[in-house]
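> Just final_17.csv, nothing more (CSV, C-alpha atoms):
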chain,number,residue,atom,x,y,z
A,1,MET,CA,-114.4,135.6,120.0
A,2,PRO,CA,-115.1,138.5,122.5
A,3,LYS,CA,-113.2,138.4,125.7
A,4,ILE,CA,-114.9,138.0,129.0
A,5,TYR,CA,-114.8,140.3,132.1
A,6,GLY,CA,-112.0,139.4,134.3
A,7,GLU,CA,-109.7,138.2,131.5
A,8,VAL,CA,-106.3,139.9,131.7
A,9,ASN,CA,-104.1,140.1,128.6
A,10,ARG,CA,-100.3,140.2,128.8
A,11,LYS,CA,-99.2,143.7,128.1
A,12,PRO,CA,-96.6,144.1,125.3
A,13,ASP,CA,-93.2,145.7,125.9
A,14,TRP,CA,-94.2,149.1,124.5
A,15,LEU,CA,-96.6,149.5,127.4
A,16,LYS,CA,-94.0,149.2,130.1
A,17,ILE,CA,-93.9,152.4,132.2
A,18,ARG,CA,-90.7,153.9,133.5
A,19,LEU,CA,-91.3,155.5,136.9
A,20,HIS,CA,-90.1,159.1,137.5
A,21,GLU,CA,-90.7,159.5,141.2
A,22,GLY,CA,-88.3,162.4,141.9
A,23,GLN,CA,-88.5,165.4,144.1
A,24,GLY,CA,-91.2,167.0,141.9
A,25,PHE,CA,-93.4,163.9,142.4
A,26,ALA,CA,-93.1,164.1,146.2
A,27,GLU,CA,-93.9,167.9,146.3
A,28,VAL,CA,-97.0,167.6,144.1
A,29,ALA,CA,-98.2,164.6,146.1
A,30,LYS,CA,-97.8,166.6,149.3
A,31,ILE,CA,-99.8,169.5,147.9
A,32,VAL,CA,-102.6,167.3,146.7
A,33,ARG,CA,-102.7,165.5,150.1
A,34,ASP,CA,-102.4,168.6,152.3
A,35,ASN,CA,-105.3,170.4,150.4
A,36,SER,CA,-107.5,167.3,150.2
A,37,LEU,CA,-107.6,167.6,146.4
A,38,HIS,CA,-108.8,165.0,143.9
A,39,THR,CA,-106.8,164.3,140.8
A,40,ILE,CA,-107.8,162.1,137.8
A,41,CYS,CA,-104.2,161.0,137.9
A,42,SER,CA,-105.0,158.9,140.9
A,43,SER,CA,-108.7,158.1,140.6
A,44,GLY,CA,-108.3,157.2,136.9
A,45,LYS,CA,-105.2,155.0,137.6
A,46,CYS,CA,-103.3,157.0,134.9
A,47,PRO,CA,-100.1,155.2,133.8
A,48,ASN,CA,-98.4,158.6,133.4
A,49,GLN,CA,-99.0,159.9,137.0
A,50,ALA,CA,-95.4,159.4,138.2
A,51,GLU,CA,-93.9,161.2,135.1
A,52,CYS,CA,-96.4,164.1,135.2
A,53,TRP,CA,-96.1,164.7,138.9
A,54,SER,CA,-92.4,164.6,138.6
A,55,ARG,CA,-92.7,167.4,136.0
A,56,ARG,CA,-94.8,169.3,138.5
A,57,THR,CA,-98.0,168.9,136.5
A,58,ALA,CA,-101.3,167.4,137.6
A,59,THR,CA,-104.9,167.3,136.4
A,60,PHE,CA,-107.3,168.3,139.2
A,61,MET,CA,-110.7,166.7,139.4
A,62,ILE,CA,-113.4,168.9,140.9
A,63,LEU,CA,-116.8,168.2,142.3
A,64,GLY,CA,-115.6,165.2,144.3
A,65,ASP,CA,-114.4,161.8,143.3
A,66,ILE,CA,-117.7,159.9,143.1
A,67,CYS,CA,-119.4,159.9,139.6
A,68,THR,CA,-123.1,159.5,139.0
A,69,ARG,CA,-122.4,157.5,135.9
A,70,ALA,CA,-120.8,154.0,135.6
A,71,CYS,CA,-118.9,153.8,132.4
A,72,LYS,CA,-117.4,150.4,131.8
A,73,PHE,CA,-113.9,151.7,131.0
A,74,CYS,CA,-113.5,154.2,133.8
A,75,ALA,CA,-111.9,153.5,137.2
A,76,THR,CA,-113.5,156.5,139.0
A,77,LYS,CA,-115.9,155.5,141.8
A,78,THR,CA,-119.6,155.6,141.1
A,79,GLY,CA,-122.5,156.2,143.4
A,80,LYS,CA,-124.1,159.0,145.3
A,81,PRO,CA,-121.7,162.0,145.4
A,82,LEU,CA,-121.2,164.3,148.4
A,83,PRO,CA,-122.3,167.9,148.2
A,84,SER,CA,-119.9,170.1,146.3
A,85,ASP,CA,-117.2,171.9,148.4
A,86,PRO,CA,-117.7,175.6,148.4
A,87,HIS,CA,-114.1,176.1,149.3
A,88,GLU,CA,-112.8,174.0,146.4
A,89,PRO,CA,-112.4,177.0,143.9
A,90,ALA,CA,-110.0,178.7,146.3
A,91,LYS,CA,-108.2,175.5,147.2
A,92,ILE,CA,-107.6,174.7,143.5
A,93,ALA,CA,-106.4,178.2,142.7
A,94,ARG,CA,-104.0,178.2,145.6
A,95,SER,CA,-102.6,174.8,144.7
A,96,VAL,CA,-102.0,175.9,141.1
A,97,LYS,CA,-100.1,178.9,142.5
A,98,ILE,CA,-98.0,176.8,144.9
A,99,ILE,CA,-97.1,174.3,142.2
A,100,GLU,CA,-96.4,177.2,139.9
A,101,LEU,CA,-98.3,175.8,137.0
A,102,LYS,CA,-98.1,177.6,133.7
A,103,TYR,CA,-100.7,175.3,132.2
A,104,CYS,CA,-103.5,174.0,134.4
A,105,VAL,CA,-105.9,171.1,133.5
A,106,LEU,CA,-109.2,170.6,135.3
A,107,THR,CA,-111.7,167.8,134.9
A,108,SER,CA,-114.7,166.5,136.9
A,109,VAL,CA,-116.9,163.6,137.6
A,110,ASP,CA,-120.5,163.7,136.1
A,111,ARG,CA,-122.9,165.3,138.6
A,112,ASP,CA,-126.3,164.4,137.2
A,113,ASP,CA,-127.6,164.8,140.8
A,114,LEU,CA,-127.2,168.6,140.7
A,115,ALA,CA,-129.8,170.8,139.1
A,116,ASP,CA,-127.1,172.5,136.9
A,117,LYS,CA,-125.0,169.4,136.7
A,118,GLY,CA,-122.1,171.3,138.3
A,119,ALA,CA,-121.9,174.0,135.6
A,120,GLY,CA,-121.9,176.9,138.1
A,121,HIS,CA,-119.2,175.3,140.3
A,122,TRP,CA,-117.1,174.7,137.1
A,123,ALA,CA,-117.3,178.4,136.3
A,124,GLU,CA,-116.4,179.4,139.8
A,125,VAL,CA,-113.3,177.2,139.8
A,126,VAL,CA,-112.1,178.5,136.5
A,127,ARG,CA,-112.6,182.1,137.5
A,128,SER,CA,-110.8,181.5,140.8
A,129,VAL,CA,-107.8,179.9,139.1
A,130,ARG,CA,-107.7,182.8,136.6
A,131,LYS,CA,-107.9,185.5,139.3
A,132,GLU,CA,-105.1,183.9,141.4
A,133,ASN,CA,-103.0,182.9,138.5
A,134,PRO,CA,-103.5,185.4,135.6
A,135,ASP,CA,-100.6,184.1,133.5
A,136,THR,CA,-101.7,180.4,133.7
A,137,GLN,CA,-103.4,178.9,130.7
A,138,ILE,CA,-106.4,176.8,131.7
A,139,GLU,CA,-107.6,173.7,129.9
A,140,ILE,CA,-110.9,172.0,131.1
A,141,LEU,CA,-112.1,168.5,130.3
A,142,ILE,CA,-115.9,168.6,130.8
A,143,PRO,CA,-118.8,166.1,131.0
A,144,ASP,CA,-121.6,166.4,128.4
A,145,PHE,CA,-124.1,168.2,130.7
A,146,ASP,CA,-126.6,166.1,128.8
A,147,GLY,CA,-126.0,168.4,125.9
A,148,ASN,CA,-127.7,171.3,127.6
A,149,LYS,CA,-126.3,174.4,125.7
A,150,PRO,CA,-127.2,177.0,128.4
A,151,LEU,CA,-125.2,175.0,130.9
A,152,LEU,CA,-122.3,174.8,128.5
A,153,ASP,CA,-122.6,178.5,128.1
A,154,VAL,CA,-122.3,179.0,131.9
A,155,VAL,CA,-119.0,177.1,131.8
A,156,MET,CA,-117.7,178.9,128.7
A,157,ALA,CA,-118.5,182.3,130.2
A,158,SER,CA,-115.5,181.7,132.6
A,159,THR,CA,-113.3,181.8,129.5
A,160,PRO,CA,-111.0,178.8,129.8
A,161,ASP,CA,-108.3,178.6,127.0
A,162,VAL,CA,-109.1,175.0,125.8
A,163,ILE,CA,-112.3,173.1,126.3
A,164,GLY,CA,-112.2,169.3,126.0
A,165,HIS,CA,-114.9,166.7,125.9
A,166,ASN,CA,-114.0,163.1,125.2
A,167,ILE,CA,-115.9,161.1,122.7
A,168,GLU,CA,-114.1,158.1,124.1
A,169,THR,CA,-114.8,155.5,121.5
A,170,VAL,CA,-116.4,154.9,118.1
A,171,ARG,CA,-120.2,155.2,117.5
A,172,ARG,CA,-120.8,151.4,117.5
A,173,LEU,CA,-119.1,150.8,120.8
A,174,THR,CA,-120.5,153.8,122.7
A,175,PRO,CA,-123.5,152.0,124.2
A,176,LEU,CA,-121.2,149.2,125.4
A,177,ALA,CA,-118.6,151.5,127.0
A,178,ARG,CA,-120.3,154.6,128.1
A,179,SER,CA,-123.0,155.1,130.7
A,180,LYS,CA,-125.8,157.4,129.6
A,181,ALA,CA,-123.5,159.4,127.3
A,182,ASP,CA,-124.4,159.4,123.6
A,183,TYR,CA,-122.1,159.7,120.6
A,184,LYS,CA,-124.2,162.3,118.8
A,185,THR,CA,-124.5,164.3,122.0
A,186,SER,CA,-120.8,164.4,122.5
A,187,LEU,CA,-120.4,165.7,118.9
A,188,ASP,CA,-123.0,168.3,119.5
A,189,VAL,CA,-121.2,169.5,122.6
A,190,LEU,CA,-117.9,169.8,120.7
A,191,LYS,CA,-119.6,171.6,117.9
A,192,HIS,CA,-121.2,174.1,120.3
A,193,ILE,CA,-117.8,174.7,121.9
A,194,SER,CA,-116.0,175.3,118.6
A,195,SER,CA,-118.8,177.4,117.1
A,196,SER,CA,-118.7,179.6,120.2
A,197,GLY,CA,-115.1,180.5,119.3
A,198,PHE,CA,-113.3,178.2,121.8
A,199,THR,CA,-110.5,175.7,121.1
A,200,ALA,CA,-112.2,172.3,121.2
A,201,LYS,CA,-110.4,169.1,122.2
A,202,SER,CA,-111.4,165.5,122.3
A,203,GLY,CA,-110.0,162.0,123.0
A,204,ILE,CA,-110.4,158.5,121.7
A,205,MET,CA,-109.4,155.1,123.3
A,206,ALA,CA,-108.2,152.3,121.0
A,207,GLY,CA,-108.3,148.7,121.8
A,208,LEU,CA,-112.0,148.2,122.7
A,209,GLY,CA,-112.7,146.2,119.5
A,210,GLU,CA,-113.0,149.0,117.0
A,211,THR,CA,-111.7,148.8,113.4
A,212,ASP,CA,-109.3,151.3,111.8
A,213,GLU,CA,-112.1,152.4,109.6
A,214,GLU,CA,-114.2,153.3,112.6
A,215,ILE,CA,-111.4,155.2,114.2
A,216,LEU,CA,-110.9,157.3,111.1
A,217,GLN,CA,-114.7,157.8,110.8
A,218,THR,CA,-114.7,159.1,114.4
A,219,VAL,CA,-111.8,161.5,113.5
A,220,ASP,CA,-113.8,162.7,110.5
A,221,ASP,CA,-116.8,163.3,112.8
A,222,LEU,CA,-114.7,165.3,115.2
A,223,ALA,CA,-113.1,167.4,112.5
A,224,GLU,CA,-116.6,168.2,111.1
A,225,ALA,CA,-117.6,169.2,114.7
A,226,GLY,CA,-114.7,171.7,114.7
A,227,CYS,CA,-112.4,169.8,117.0
A,228,SER,CA,-108.8,171.2,116.9
A,229,ILE,CA,-106.9,169.0,119.3
A,230,LEU,CA,-107.1,165.2,119.6
A,231,THR,CA,-105.6,162.6,121.8
A,232,ILE,CA,-105.6,158.8,120.9
A,233,GLY,CA,-104.3,156.3,123.5
A,234,GLN,CA,-104.5,152.6,124.3
A,235,TYR,CA,-107.4,151.5,126.5
A,236,LEU,CA,-106.1,149.7,129.6
A,237,GLN,CA,-108.5,147.6,131.8
A,238,PRO,CA,-108.4,149.3,135.2
A,239,THR,CA,-109.9,146.3,137.1
A,240,LYS,CA,-111.4,142.9,136.3
A,241,ARG,CA,-114.8,144.4,136.6
A,242,HIS,CA,-114.3,146.7,133.6
A,243,LEU,CA,-114.3,146.0,129.9
A,244,PRO,CA,-111.5,143.8,128.8
A,245,VAL,CA,-108.8,144.9,126.3
A,246,GLU,CA,-109.7,143.5,122.9
A,247,ARG,CA,-106.3,144.3,121.4
A,248,TYR,CA,-103.1,146.1,122.1
A,249,VAL,CA,-102.5,148.5,119.3
A,250,GLU,CA,-99.0,148.8,118.0
A,251,PRO,CA,-97.1,152.2,118.2
A,252,GLU,CA,-96.9,152.2,114.4
A,253,LYS,CA,-100.7,152.1,114.2
A,254,PHE,CA,-101.0,155.1,116.6
A,255,GLU,CA,-98.6,157.0,114.3
A,256,TYR,CA,-100.8,156.1,111.4
A,257,TYR,CA,-103.8,157.4,113.2
A,258,LYS,CA,-102.0,160.6,114.0
A,259,GLN,CA,-100.9,161.3,110.4
A,260,GLU,CA,-104.4,160.5,109.1
A,261,ALA,CA,-106.0,162.9,111.7
A,262,LEU,CA,-103.6,165.7,110.7
A,263,LYS,CA,-104.6,165.1,107.1
A,264,ARG,CA,-108.2,165.5,108.1
A,265,GLY,CA,-107.7,168.9,109.5
A,266,LEU,CA,-106.9,168.4,113.2
A,267,ALA,CA,-104.4,171.1,114.3
A,268,HIS,CA,-102.6,169.0,117.0
A,269,VAL,CA,-102.7,165.3,117.7
A,270,GLU,CA,-101.1,163.2,120.5
A,271,SER,CA,-101.3,159.6,119.5
A,272,SER,CA,-99.4,156.7,121.2
A,273,PRO,CA,-100.1,153.8,123.5
A,274,LEU,CA,-99.7,155.7,126.8
A,275,VAL,CA,-101.3,159.0,125.7
A,276,ARG,CA,-104.2,160.2,128.0
A,277,SER,CA,-106.4,163.3,127.7
A,278,SER,CA,-104.1,165.6,129.6
A,279,TYR,CA,-100.8,164.1,128.9
A,280,LEU,CA,-98.4,166.8,127.7
A,281,ALA,CA,-101.4,169.0,127.2
A,282,ASP,CA,-99.3,172.2,127.2
A,283,ARG,CA,-97.5,170.9,124.1
A,284,ALA,CA,-100.5,171.9,121.9
A,285,ALA,CA,-100.4,175.4,123.4
A,286,SER,CA,-96.8,175.8,122.6
A,287,LYS,CA,-97.3,175.0,118.9
A,288,PHE,CA,-100.0,177.6,118.3
A,289,LYS,CA,-101.3,180.5,120.2
A,290,ILE,CA,-104.3,179.6,122.3
A,291,SER,CA,-106.3,182.2,124.1
A,292,ASN,CA,-110.0,182.7,124.5
A,293,ARG,CA,-109.7,185.6,127.0
Once you've parsed the file, please lay out its structure as structure tokens.

Amino acid sequence: MPKIYGEVNRKPDWLKIRLHEGQGFAEVAKIVRDNSLHTICSSGKCPNQAECWSRRTATFMILGDICTRACKFCATKTGKPLPSDPHEPAKIARSVKIIELKYCVLTSVDRDDLADKGAGHWAEVVRSVRKENPDTQIEILIPDFDGNKPLLDVVMASTPDVIGHNIETVRRLTPLARSKADYKTSLDVLKHISSSGFTAKSGIMAGLGETDEEILQTVDDLAEAGCSILTIGQYLQPTKRHLPVERYVEPEKFEYYKQEALKRGLAHVESSPLVRSSYLADRAASKFKISNR
């Protein structure tokens, strides 16, 4: 029987989070606060925020913290966004330099309110980070831009090292979980990224009611689209207003997904309950040379 909104399941022991709020955490938090930066670490209620910030890593969220879409799994605020900040590219670049990031991850809210859906701003941020931090690798996690290939080309022209776009869930559950986004459109976006010569990355949530067969079919679809890097993690209900967790997937099952994904041609897979899109993102880069410059 499907669970109802507001129902909260008891989390299993393997989802307990050990906090890592050391000196690095305080320093990154201060940089984020002093520069009025948005991070998906905070807005997305990521369970790994303390660990990652203590390792002096963070995922910056550009184009504000208000999304024009209202996905039923996502904790990011939705509504009418503020105008984009013209100083943001310089602020992000400076912050990457202060934190001394060797691997920078950028993401954004959806900006369907903008004529170019934020593509031009995306390119400016990447170019600014690259200019100020020439030795830093840059991974971006982009929205679908409604599948508009010329807009995707605008972003790709800034030459990030890895381009991610999350498919989020299996085909059957996409209309339930995602707002406006379409399963086929996401695959087309990833195919355009990979066919343009870039390293394509995607992510799947488990625990929304999908079957193992549907997870593996999604992996097959991603492999066919040219995806090289994949993350698979447990969906956690951010608030009682969001979709409930249908099941907590055991760590052994995540390992099974990983091994099956590798068999299907994915080059690098992070798969465990607390994995999120940018968790240990630099680990993929350390395993094989990534550069689109």
> Show me, as a list of chain:residue names, the residues that have an atom within 8 Å of region 204-218 of chain A when counting all atoms listed in the file, minus same-chain residues fewer than 2 positions from it.
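Final neighbour list, sorted by chain and number: A:Asn166, A:Ile167, A:Glu168, A:Thr169, A:Val170, A:Arg171, A:Leu173, A:Ser202, A:Asp220, A:Asp221, A:Leu222, A:Leu230, A:Thr231, A:Ile232, A:Gly233, A:Gln234, A:Tyr235, A:Leu243, A:Pro244, A:Val245, A:Glu246, A:Arg247, A:Tyr248, A:Val249, A:Tyr257, A:Glu260, A:Ala261.
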> Report, in Å to a single decimal, how far apart CA of Asp65 (chain A) and CA of Glu124 (chain A) are.
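For CA of Glu124 (chain A) relative to CA of Asp65 (chain A), the distance reads 18.1 Å.
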> Excluding Val105 (chain A) and residues on its chain fewer than 4 positions from it, collect all residues at most 8 Å away from it, counting all atoms listed in the file, and give them as number ranges by chain.
A: 58-60, 138-141, 278
> Of the residues A:Val219, A:Ile92, A:Cys71, A:Ile163, which is the one nearest to His192 (chain A), using all atoms listed in the file?
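Selected residue with least distance to His192 (chain A): A:Ile163.
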> In Å, with one decimal, what is the gap from CA of Arg127 (chain A) to CA of Val109 (chain A)?
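According to the coordinates, CA of Arg127 (chain A) and CA of Val109 (chain A) are separated by 19.0 Å.
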> Can you work out which one of A:Pro143, A:Gly164, A:Pro89, A:Pro81 has the shortest atom-to-atom distance to His121 (chain A), counting all atoms listed in the file?
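Of all the options, A:Pro89 lies closest to His121 (chain A).
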> Looking at all atoms listed in the file, which of A:Leu101, A:Leu114, A:Ala223, A:Ile193 is the one that sits closest to Leu262 (chain A)?
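Looking at the shortest contact to Leu262 (chain A), the residue is A:Ala223.
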> CA of Ala119 (chain A) and CA of Lys131 (chain A), how far apart in Å?
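So the answer is 18.5 Å.
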> Between A:Cys74, A:Val275, A:Lys91, A:His242, which residue has the minimum interatomic distance to Arg33 (chain A), considering only C-alpha atoms?
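Comparing A:Cys74, A:Val275, A:Lys91, A:His242 against Arg33 (chain A), the winner is A:Lys91.
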> If you count all atoms listed in the file, which residues fall within 8 Å of Ala200 (chain A), apart from same-chain ones fewer than 4 positions away, as a list in words?
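My list of contacting residues is Val162, Ile163, Gly164, His165, Leu190, Ile193, Ser194, Gly226, Cys227, Ser228 and Ile229 of chain A.
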> Can you work out which one of A:Met61, A:Val126, A:Ala90, A:Val189 has the shortest atom-to-atom distance to Leu152 (chain A), counting all atoms listed in the file?
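For Leu152 (chain A), the nearest of the candidates is A:Val189.
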> Skipping near chain neighbours, those fewer than 6 positions away, what residues fall within 12 Å of Arg94 (chain A) using only C-alpha atoms, listed as an MDAnalysis selection string?
chainID A and resid 31:32 34:35 37 87:88 100:101 104 125 128:133
> Quick one: residues within 10 Å of Ile66 (chain A), only C-alpha atoms counted, chain neighbours fewer than 3 positions away excluded, as a list of chain:residue names?
A:Ser43, A:Leu63, A:Arg69, A:Thr76, A:Lys77, A:Thr78, A:Gly79, A:Lys80, A:Pro81, A:Leu82, A:Ser108, A:Val109, A:Asp110, A:Arg111
> Can you complete the atoms of region 159-173 of chain A to N, CA, C and O atoms and list them as a tab-separated table (two decimals), in the frame of the given file?

chain	number	residue	atom	x	y	z
A	159	THR	N	-114.36	181.66	130.48
A	159	THR	CA	-113.30	181.80	129.50
A	159	THR	C	-112.03	180.98	129.74
A	159	THR	O	-110.92	181.50	129.85
A	160	PRO	N	-112.17	179.65	129.77
A	160	PRO	CA	-111.00	178.80	129.80
A	160	PRO	C	-110.28	178.92	128.39
A	160	PRO	O	-110.89	179.41	127.43
A	161	ASP	N	-109.05	178.47	128.31
A	161	ASP	CA	-108.30	178.60	127.00
A	161	ASP	C	-108.58	177.43	126.10
A	161	ASP	O	-108.58	177.60	124.88
A	162	VAL	N	-108.77	176.23	126.64
A	162	VAL	CA	-109.10	175.00	125.80
A	162	VAL	C	-110.22	174.31	126.55
A	162	VAL	O	-110.21	174.17	127.77
A	163	ILE	N	-111.20	173.86	125.77
A	163	ILE	CA	-112.30	173.10	126.30
A	163	ILE	C	-112.35	171.72	125.70
A	163	ILE	O	-112.54	171.59	124.48
A	164	GLY	N	-112.15	170.71	126.50
A	164	GLY	CA	-112.20	169.30	126.00
A	164	GLY	C	-113.39	168.58	126.45
A	164	GLY	O	-113.94	168.82	127.53
A	165	HIS	N	-113.83	167.70	125.59
A	165	HIS	CA	-114.90	166.70	125.90
A	165	HIS	C	-114.58	165.47	125.15
A	165	HIS	O	-114.51	165.50	123.92
A	166	ASN	N	-114.38	164.37	125.84
A	166	ASN	CA	-114.00	163.10	125.20
A	166	ASN	C	-115.11	162.36	124.58
A	166	ASN	O	-116.09	162.05	125.27
A	167	ILE	N	-114.96	162.00	123.32
A	167	ILE	CA	-115.90	161.10	122.70
A	167	ILE	C	-115.69	159.68	123.07
A	167	ILE	O	-116.55	158.82	122.94
A	168	GLU	N	-114.49	159.38	123.52
A	168	GLU	CA	-114.10	158.10	124.10
A	168	GLU	C	-113.87	156.97	123.15
A	168	GLU	O	-112.83	156.35	123.12
A	169	THR	N	-114.92	156.65	122.37
A	169	THR	CA	-114.80	155.50	121.50
A	169	THR	C	-115.68	155.72	120.25
A	169	THR	O	-116.30	156.77	120.08
A	170	VAL	N	-115.70	154.75	119.37
A	170	VAL	CA	-116.40	154.90	118.10
A	170	VAL	C	-117.93	154.75	118.34
A	170	VAL	O	-118.37	154.30	119.40
A	171	ARG	N	-118.70	155.15	117.35
A	171	ARG	CA	-120.20	155.20	117.50
A	171	ARG	C	-120.71	153.78	117.90
A	171	ARG	O	-121.54	153.66	118.80
A	172	ARG	N	-120.27	152.73	117.23
A	172	ARG	CA	-120.80	151.40	117.50
A	172	ARG	C	-120.59	150.92	118.90
A	172	ARG	O	-121.44	150.22	119.48
A	173	LEU	N	-119.46	151.29	119.50
A	173	LEU	CA	-119.10	150.80	120.80
A	173	LEU	C	-119.56	151.71	121.96
A	173	LEU	O	-119.40	151.37	123.13
